[in-house]
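Asker: Have a look at this one.
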Amino acid sequence: MSEPLLKVQGLKTYFFLERGVVKAVDGVDFEMKKGEILGLVGETGCGKSVTALSILRLISSPGKTVEGKVIFEGEDLLKKSGEEMRRIRGTKIAMIFQDPHTSLDPVFTIGYQIAEPIELHQVIEQHLISAEEVPRKVIEMLKLVGIPDPEQRVTEYPHQFSGGMKQRAMIGMMVSCNPSMLIADEPTTAVDVTIQAQILDLMRELRRKLGTSILIITHNLGVIVEMCDRVAVMYAGNIVEQADTLTLFESPKHPYTSALLAAVPKVGVERRDLETISGMVPSLINPPPGCKFHPRCSHAMDICRKKFPETVETEKGHLVNCHLYCKSSGGVD
Amino acid sequence: MLDRIRNFPRGLQRSPAFRYLRRDIRTKIGGAIVLLVVFTAIFAGVIARRDPTTQNFDNENVLERFQGPSWEYPFGTDDKGRDIFSRVVYGARTALIIGALLVVVETVIGLPLGLLAGYRGRKVDNLIMRLVDAVLAMPGLIIALAFVAVFGPGLYKVILALGITGWAGYARLMRGQTLAIKEETYIEAARAIGEKDRTIIFRYVLPNTLSPLIVMITMTFPAAILLSSSMSFLGLGIQPPSPDWGYDLNAYRPYMGDPWPAPLMTILPGIVMVITIFGFNFFGDALRDAYDPRLRE
């Protein structure tokens, strides 16, 4: 396999608050291949978004990425200067956000906003196109993301767009400079199901047309199944399991993943109560020692309380951090 | 077609706001008053037939003082035989100059400081805002009076005197707005497409703070007129014989209790002043609504 597009190693991003240090991302490792769609899934507050923002280095005080490497196209982004990083944002890595209603600036027209990254990066910094070509390019982007009547819509304001159209416009804005990677932070959470499907279709199509790798952050397992080639499951600041989507859904290894999958209600199966994972999401200021999932885990052993499990590759590409699968920990294989 | 797209609005889009403004009844009333005052100030020399500082005499060389309104003297004459109408007309010029310059001075100082404090946060914020607190703790009018007492009265000194404390309100407003806007997702999105801090401050944050800023300006503008008038009223603003509403109100005040038509000397200029300030406030309200895209249809 060729060199991965993105390689995150031992990433730790902490928030230094008065009441303690919140270890939002506490040692995250994963890789993304070119053109791959990777899903990052986990409960609210497990560090998914912080991981994404850390990659783009958009964490601001009191948060700080304290350790780790983010190797993107062979270079460590954490070692880049602020100016170099600024030039990477939008051109190499772009990000779309959860709520399309608030991610567009209400005082400017859609056209103006889509023109912004094109003008900044392609006209001023890279001299790829001339200023006169910007409007044409803007309309091209709107067409690409499937906004009807783009010539008319460029002059409209965000409040004249529906939620789904705003998200499309946002995607258009973010892919306008052909980034090799797109981070989508819960792109479908704030829109209804029909629009969800359309947005997901659009992103898949963009991958096909532009070859963009997409990192999808979500807590919606349905989105994962539909979209992702591979999945990484996050729990309390760590990735606990990653595998091909099919493998993960068919044979989850980590007890947390199994519990998560079991919690999805199934159509056609009558149940009075929904399956839940007992216990609470641990505090990220004082996380439990060892494996952070052990207080809620039905398979917890002594070693789970003492030592964070190493990464084990149970089969090719299926990585799991659980003592159940560590031979040295006395787990069963 | 491409022409229209190429010109898709950049920055503050004028036309929709303008269209909204034209439909608003407040614009019509307030705007008419504002226009009238501005027009009067510009063409004071044409509108007022007499010099505001000349004492007038009749054919027998008698000083024409305390005259009631007439064709010759629309607002009558004052204790020194000057045409009150001329004084009110030229006073409009003084009032507008003071209002406009004071607002400019306050905005120029307060706006960048507020933006910087809000966007940078931490030390910069602390430094600027403690300065603002200190300035706001001082009584503005008294400081202005002290300033004038030291450096002497006069148009520009009055503006400076009021400006050295007046900017603090602007800084505080802009900081608050910036703090709120800074947390919006579209600012995060702007950072995610690689915008520079400078661009984010001036092209993303600033335009989103404009409607409260416009409200602030339209509120300070008439307030500035009132403040400078107060200073003149106390004899520390515009110096006689230059026409100024505040000074004249004070000069004519002793005759308020005298028999008719002497009270008209204060009543008529007073009414003009009230209408002017009302007009500016009214127009400001309409402007605020027009510049807020969310309030437009």
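Quick note on naming: the chains in the structure tokens go A, B, ... in the order shown, residues restart at 1 in each chain, and ligands are numbered from 1 in order of appearance.
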Within 7 Å of region 138-140 of chain A, counting only C-alpha atoms, which residues qualify if same-chain residues fewer than 6 places away don't, as a ChimeraX atom specification?
Answerer: /A:111,114-115,150-151
Asker: Selected residues, N, CA and C atoms, written as a PDB file, in the first residue's frame, please.
Answerer:
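This went into result31.pdb:
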ATOM      1  N   GLY A 111     -22.513  33.835  -2.830  1.00  0.00           N
ATOM      2  CA  GLY A 111     -21.463  33.976  -3.839  1.00  0.00           C
ATOM      3  C   GLY A 111     -20.204  34.579  -3.265  1.00  0.00           C
ATOM      4  N   ILE A 114     -18.361  31.973  -1.121  1.00  0.00           N
ATOM      5  CA  ILE A 114     -17.681  30.907  -1.844  1.00  0.00           C
ATOM      6  C   ILE A 114     -16.472  31.490  -2.579  1.00  0.00           C
ATOM      7  N   ALA A 115     -16.594  32.748  -2.986  1.00  0.00           N
ATOM      8  CA  ALA A 115     -15.486  33.409  -3.680  1.00  0.00           C
ATOM      9  C   ALA A 115     -14.287  33.601  -2.757  1.00  0.00           C
ATOM     10  N   PRO A 150     -27.877  28.308 -10.195  1.00  0.00           N
ATOM     11  CA  PRO A 150     -26.769  28.935  -9.462  1.00  0.00           C
ATOM     12  C   PRO A 150     -26.531  30.402  -9.825  1.00  0.00           C
ATOM     13  N   GLU A 151     -26.778  30.765 -11.098  1.00  0.00           N
ATOM     14  CA  GLU A 151     -26.537  32.158 -11.502  1.00  0.00           C
ATOM     15  C   GLU A 151     -27.389  33.102 -10.670  1.00  0.00           C
TER      16      GLU A 151
END
Asker: Can I get the residues of chain A within 6 Å of chain B, each with the closest pair of atoms and their distance in Å to one decimal, using only C-alpha atoms, sorted chain first then ascending number, as JSON lines?
Answerer:
{"residue": "A:Arg86", "atom": "CA", "partner": "B:Gly194", "partner_atom": "CA", "distance": 4.5}
{"residue": "A:Arg87", "atom": "CA", "partner": "B:Gly194", "partner_atom": "CA", "distance": 5.7}
{"residue": "A:Arg89", "atom": "CA", "partner": "B:Gly194", "partner_atom": "CA", "distance": 4.5}
{"residue": "A:Gly90", "atom": "CA", "partner": "B:Ile193", "partner_atom": "CA", "distance": 3.8}
{"residue": "A:Thr102", "atom": "CA", "partner": "B:Thr185", "partner_atom": "CA", "distance": 5.6}
{"residue": "A:Ser103", "atom": "CA", "partner": "B:Tyr186", "partner_atom": "CA", "distance": 4.0}
{"residue": "A:Leu104", "atom": "CA", "partner": "B:Tyr186", "partner_atom": "CA", "distance": 5.0}
{"residue": "A:Asp105", "atom": "CA", "partner": "B:Tyr186", "partner_atom": "CA", "distance": 5.5}
{"residue": "A:Pro135", "atom": "CA", "partner": "B:Arg6", "partner_atom": "CA", "distance": 5.4}
{"residue": "A:Thr155", "atom": "CA", "partner": "B:Phe8", "partner_atom": "CA", "distance": 5.6}
Asker: Extract, using only C-alpha atoms, all DNA, RNA and protein residues at most 6 Å from Met95 (chain A), discarding same-chain residues fewer than 4 positions from it, and format them as a list in words.
Answerer: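 With the cut-off at 6 Å, the set is Leu182, Ile183 and Ala184 of chain A.
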Asker: Compare B:Val104, B:Ala223, B:Leu63, B:Ala92 by their minimum atom-to-atom distance to Ser242 (chain B), counting only C-alpha atoms, and give me the closest one.
Answerer: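 The shortest atom-to-atom distance to Ser242 (chain B) comes from B:Ala92.
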Asker: Would you list the contacts of region 152-156 of chain B as a compact mmCIF listing (two decimals) with C-alpha atoms, in the first residue's frame, taking every protein, DNA or RNA residue within 8 Å and counting only C-alpha atoms, but skipping same-chain residues closer than 6 positions in sequence?
Answerer:
# COMPACT_ATOMS: atom_id res chain seq x y z
CA ILE B 98 -19.81 68.85 16.41
CA LEU B 236 -17.55 76.61 28.12
CA GLY B 237 -18.34 75.50 24.60
CA ILE B 238 -18.78 77.59 21.52
CA GLN B 239 -17.97 81.19 22.36
Asker: Which residue out of B:Ser230, B:Trp167, B:Ala95, B:Gln55 has the minimum interatomic distance to Leu141 (chain B) when only C-alpha atoms are used?
Answerer: B:Ser230
Asker: With only C-alpha atoms as the atoms that count, which of B:Val148, B:Ile84, B:Ile25, B:Val38 lies nearest to Ala262 (chain B)?
Answerer: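 Checking each candidate against Ala262 (chain B), we get B:Ile84 as the closest.
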Asker: For Phe161 (chain A), which residue out of A:Gly268, A:Pro288, A:Pro148, A:Gly63 is the nearest one, using only C-alpha atoms?
Answerer: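 Of all the options, A:Pro148 lies closest to Phe161 (chain A).
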Asker: Do you have the CA of Tyr119 (chain B)-CA of Gln167 (chain A) distance handy?
Answerer: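 According to the coordinates, CA of Tyr119 (chain B) and CA of Gln167 (chain A) are separated by 26.7 Å.
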Asker: Residues at most 9 Å from Ile37 (chain A), counting only C-alpha atoms, excluding those fewer than 3 positions away in the same chain, as a PyMOL selection string?
Answerer: chain A and resi 32-34+204+207+212-216+227-231
Asker: Have a look at B:Met231, B:Leu173, B:Asp125, B:Met256 and name the one nearest to Phe147 (chain B); count only C-alpha atoms.
Answerer: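 So, comparing all the options, the nearest one is B:Met231.
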